[in-house]
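Take a look at the structure below.
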There are 2 protein chains.
Amino acid sequence: MADADRIRHTIARYPTLLAGDDKDAWLQLFADDATAEDPVGTPLRTGRGQIGGLWDLIHGLGGDTELVITNDPKVCGHEAAFGLQVRAMMGDTRMAMDIIDVMTFDDEARITSLRTYFEPATMAPLDDAGP
Amino acid sequence: MADADRIRHTIARYPTLLAGDDKDAWLQLFADDATAEDPVGTPLRTGRGQIGGLWDLIHGLGGDTELVITNDPKVCGHEAAFGLQVRAMMGDTRMAMDIIDVMTFDDEARITSLRTYFEPATMAPLDDAGP
């Protein structure tokens, strides 16, 4: 089993790489046969080819998109849950939406499954006071 | 499928009843054959008899225990994830620990499964500034 610190390292890199310019570096956080259900209830994506579609979605939100961890990872064995916030410009307004991610990991702390909980209707102008 | 508002209502009652004095009222939030893995990685509890042990654990923390939702529920179909904080007096100090709960629900918005992510080592004195 990957140790908790390695899992925390993968999680720390996840939002940074997802908002960055290197799609392949982000995809390398996933195991070869990883699955993603984002959001929960939508069809399962299997493998880096399908999971790469999530990177495309985020990058389709427009410029200056940020992903910020707002609820520290809780690592339980080879699983973890954490909260993050996606922030993106929509017109002239900086919008934000809270998300909870649940992940499982392999022995190398690569993501083997991702399940993402959010409600699109909760997207709202970012309070300057922060999360 | 239970609608999102009924699921939100169950979640809102969950921490209040868990910290309260009516164990049976809390257990009635669960379906007959519900399961609980609290925390994730520990043996599965099945049915209200075994799940009642969780209520006993919380009430064994001592007086004045609170459970406060600190990360609003994200409802996706018949599932939801949310953050909460358990706060309890330990000696003379009010301690707090962050938790992420993931639940599934039946058509009556009763909990059919509970999976709880937390790290006991993160228990720390409650910052008076709040979560």
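In the structure tokens, chains take the letters A, B, ... in the order shown, each chain's residues start at 1, and ligands count up from 1 in the order shown.
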
**Request:** Excluding B:Gly47 and any residue of its chain fewer than 5 positions from it, enumerate the residues within 7 Å of it, using only C-alpha atoms, and give them as number ranges by chain.
**Result:** B: 32-35

**Asked** Got a sec to pull out which chain A residues are within 12 Å of chain B, counting only C-alpha atoms, and send them as an NGL selection string?
**Response** :A and (4 or 37-42 or 70-85 or 97-104 or 115-123 or 131)

**Asked** So which residues of stretch 6-120 of chain B fall under helix (DSSP H, G or I) by DSSP, listed as a ChimeraX atom specification?
**Response** /B:6-18,23-27,47-59,120

Store the residues of this selection in a file with N, CA, C and O atoms, as a CSV table (one decimal), in the first residue's frame.
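That gives us part_7.csv:
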chain,number,residue,atom,x,y,z
B,6,ARG,N,-34.8,16.1,-0.2
B,6,ARG,CA,-35.1,15.1,0.9
B,6,ARG,C,-33.7,14.6,1.4
B,6,ARG,O,-33.5,14.4,2.6
B,7,ILE,N,-32.8,14.4,0.4
B,7,ILE,CA,-31.4,13.9,0.8
B,7,ILE,C,-30.8,15.0,1.7
B,7,ILE,O,-30.2,14.7,2.8
B,8,ARG,N,-30.9,16.3,1.3
B,8,ARG,CA,-30.3,17.4,2.1
B,8,ARG,C,-31.0,17.4,3.5
B,8,ARG,O,-30.3,17.7,4.5
B,9,HIS,N,-32.2,17.1,3.6
B,9,HIS,CA,-32.9,17.1,4.9
B,9,HIS,C,-32.4,16.0,5.8
B,9,HIS,O,-32.1,16.2,7.0
B,10,THR,N,-32.2,14.8,5.2
B,10,THR,CA,-31.6,13.7,6.0
B,10,THR,C,-30.2,14.1,6.5
B,10,THR,O,-29.9,13.9,7.7
B,11,ILE,N,-29.4,14.7,5.6
B,11,ILE,CA,-28.0,15.1,6.0
B,11,ILE,C,-28.0,16.2,7.1
B,11,ILE,O,-27.2,16.1,8.0
B,12,ALA,N,-29.0,17.1,7.0
B,12,ALA,CA,-29.1,18.2,8.0
B,12,ALA,C,-29.4,17.6,9.4
B,12,ALA,O,-28.9,18.1,10.4
B,13,ARG,N,-30.2,16.6,9.4
B,13,ARG,CA,-30.6,16.0,10.7
B,13,ARG,C,-29.5,15.1,11.3
B,13,ARG,O,-29.4,14.9,12.5
B,14,TYR,N,-28.7,14.6,10.4
B,14,TYR,CA,-27.7,13.6,10.8
B,14,TYR,C,-26.8,14.0,11.9
B,14,TYR,O,-26.7,13.4,13.0
B,15,PRO,N,-26.1,15.1,11.8
B,15,PRO,CA,-25.1,15.5,12.9
B,15,PRO,C,-25.9,15.9,14.1
B,15,PRO,O,-25.4,15.7,15.2
B,16,THR,N,-27.0,16.6,14.0
B,16,THR,CA,-27.8,17.0,15.1
B,16,THR,C,-28.2,15.8,16.0
B,16,THR,O,-28.1,15.8,17.2
B,17,LEU,N,-28.8,14.8,15.3
B,17,LEU,CA,-29.3,13.6,16.0
B,17,LEU,C,-28.1,12.8,16.5
B,17,LEU,O,-28.2,12.2,17.6
B,18,LEU,N,-27.0,12.8,15.8
B,18,LEU,CA,-25.9,12.0,16.3
B,18,LEU,C,-25.3,12.6,17.6
B,18,LEU,O,-24.8,11.8,18.4
B,23,LYS,N,-30.9,8.1,20.4
B,23,LYS,CA,-30.1,7.2,19.5
B,23,LYS,C,-31.0,6.6,18.5
B,23,LYS,O,-30.7,6.4,17.3
B,24,ASP,N,-32.3,6.2,18.9
B,24,ASP,CA,-33.1,5.5,17.9
B,24,ASP,C,-33.5,6.5,16.8
B,24,ASP,O,-33.6,6.1,15.6
B,25,ALA,N,-33.8,7.7,17.1
B,25,ALA,CA,-34.1,8.7,16.1
B,25,ALA,C,-33.0,8.8,15.1
B,25,ALA,O,-33.2,8.9,13.9
B,26,TRP,N,-31.7,8.8,15.5
B,26,TRP,CA,-30.6,8.8,14.6
B,26,TRP,C,-30.6,7.6,13.8
B,26,TRP,O,-30.4,7.7,12.5
B,27,LEU,N,-30.8,6.4,14.4
B,27,LEU,CA,-30.7,5.2,13.6
B,27,LEU,C,-31.8,5.1,12.6
B,27,LEU,O,-31.7,4.4,11.6
B,47,GLY,N,-26.5,-3.0,9.3
B,47,GLY,CA,-27.7,-2.9,10.1
B,47,GLY,C,-27.6,-2.0,11.2
B,47,GLY,O,-26.5,-1.6,11.7
B,48,ARG,N,-28.8,-1.6,11.7
B,48,ARG,CA,-28.9,-0.6,12.8
B,48,ARG,C,-28.2,-1.0,14.1
B,48,ARG,O,-27.6,-0.2,14.8
B,49,GLY,N,-28.2,-2.3,14.3
B,49,GLY,CA,-27.6,-2.9,15.6
B,49,GLY,C,-26.1,-2.5,15.6
B,49,GLY,O,-25.6,-2.0,16.6
B,50,GLN,N,-25.4,-2.8,14.5
B,50,GLN,CA,-24.0,-2.6,14.5
B,50,GLN,C,-23.7,-1.1,14.3
B,50,GLN,O,-22.7,-0.5,14.9
B,51,ILE,N,-24.5,-0.4,13.5
B,51,ILE,CA,-24.3,1.0,13.2
B,51,ILE,C,-24.5,1.8,14.5
B,51,ILE,O,-23.8,2.8,14.8
B,52,GLY,N,-25.3,1.3,15.4
B,52,GLY,CA,-25.6,2.0,16.7
B,52,GLY,C,-24.3,2.1,17.5
B,52,GLY,O,-24.1,3.0,18.3
B,53,GLY,N,-23.3,1.3,17.2
B,53,GLY,CA,-22.0,1.4,17.9
B,53,GLY,C,-21.3,2.7,17.6
B,53,GLY,O,-20.5,3.1,18.4
B,54,LEU,N,-21.6,3.3,16.5
B,54,LEU,CA,-21.0,4.6,16.1
B,54,LEU,C,-21.5,5.7,17.0
B,54,LEU,O,-20.8,6.6,17.5
B,55,TRP,N,-22.8,5.6,17.3
B,55,TRP,CA,-23.4,6.6,18.2
B,55,TRP,C,-22.8,6.4,19.6
B,55,TRP,O,-22.4,7.4,20.2
B,56,ASP,N,-22.6,5.2,20.0
B,56,ASP,CA,-21.9,5.0,21.3
B,56,ASP,C,-20.5,5.5,21.4
B,56,ASP,O,-20.1,6.1,22.4
B,57,LEU,N,-19.8,5.4,20.3
B,57,LEU,CA,-18.4,5.9,20.2
B,57,LEU,C,-18.4,7.4,20.4
B,57,LEU,O,-17.6,8.0,21.2
B,58,ILE,N,-19.3,8.1,19.6
B,58,ILE,CA,-19.4,9.6,19.7
B,58,ILE,C,-19.8,10.0,21.1
B,58,ILE,O,-19.2,10.9,21.7
B,59,HIS,N,-20.7,9.3,21.7
B,59,HIS,CA,-21.2,9.6,23.1
B,59,HIS,C,-20.2,9.3,24.1
B,59,HIS,O,-20.2,9.8,25.3
B,120,PRO,N,-7.4,10.5,12.7
B,120,PRO,CA,-7.4,10.8,14.1
B,120,PRO,C,-6.3,11.7,14.5
B,120,PRO,O,-6.5,12.6,15.4

**Request:** Any chance you could list, as number ranges by chain, the residues in chain B that come up strand (DSSP E or B) when DSSP is run on the backbone?
**Result:** B: 30-37, 45-46, 66-76, 79-90, 93-105, 111-117, 124-125

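As for atom CA of A:Phe30 and atom CA of A:Thr65, they are spaced 21.4 Å apart.
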
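Distance annotation: of A:Leu61, A:Asp106, A:Pro125, A:Leu67, the residue with the minimal separation from A:Asp92 is A:Pro125; atom set is only C-alpha atoms.
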
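Between atom CA of B:Glu66 and atom CA of B:Asp127 there is a distance of 14.5 Å.
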
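In this structure, atom CA of A:Leu126 sits 28.4 Å away from atom CA of B:Arg87.
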
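Nearest residue to B:Gln28 among B:Leu44, B:Ala124, B:Ile69, B:Ala109 is B:Ala109, counting only C-alpha atoms.
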
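Of the residues under consideration (B:Pro43, B:Gly60, B:Ala36, B:Asp22), B:Gly60 shows the shortest atom-to-atom contact distance to B:Met89 when counting only C-alpha atoms.
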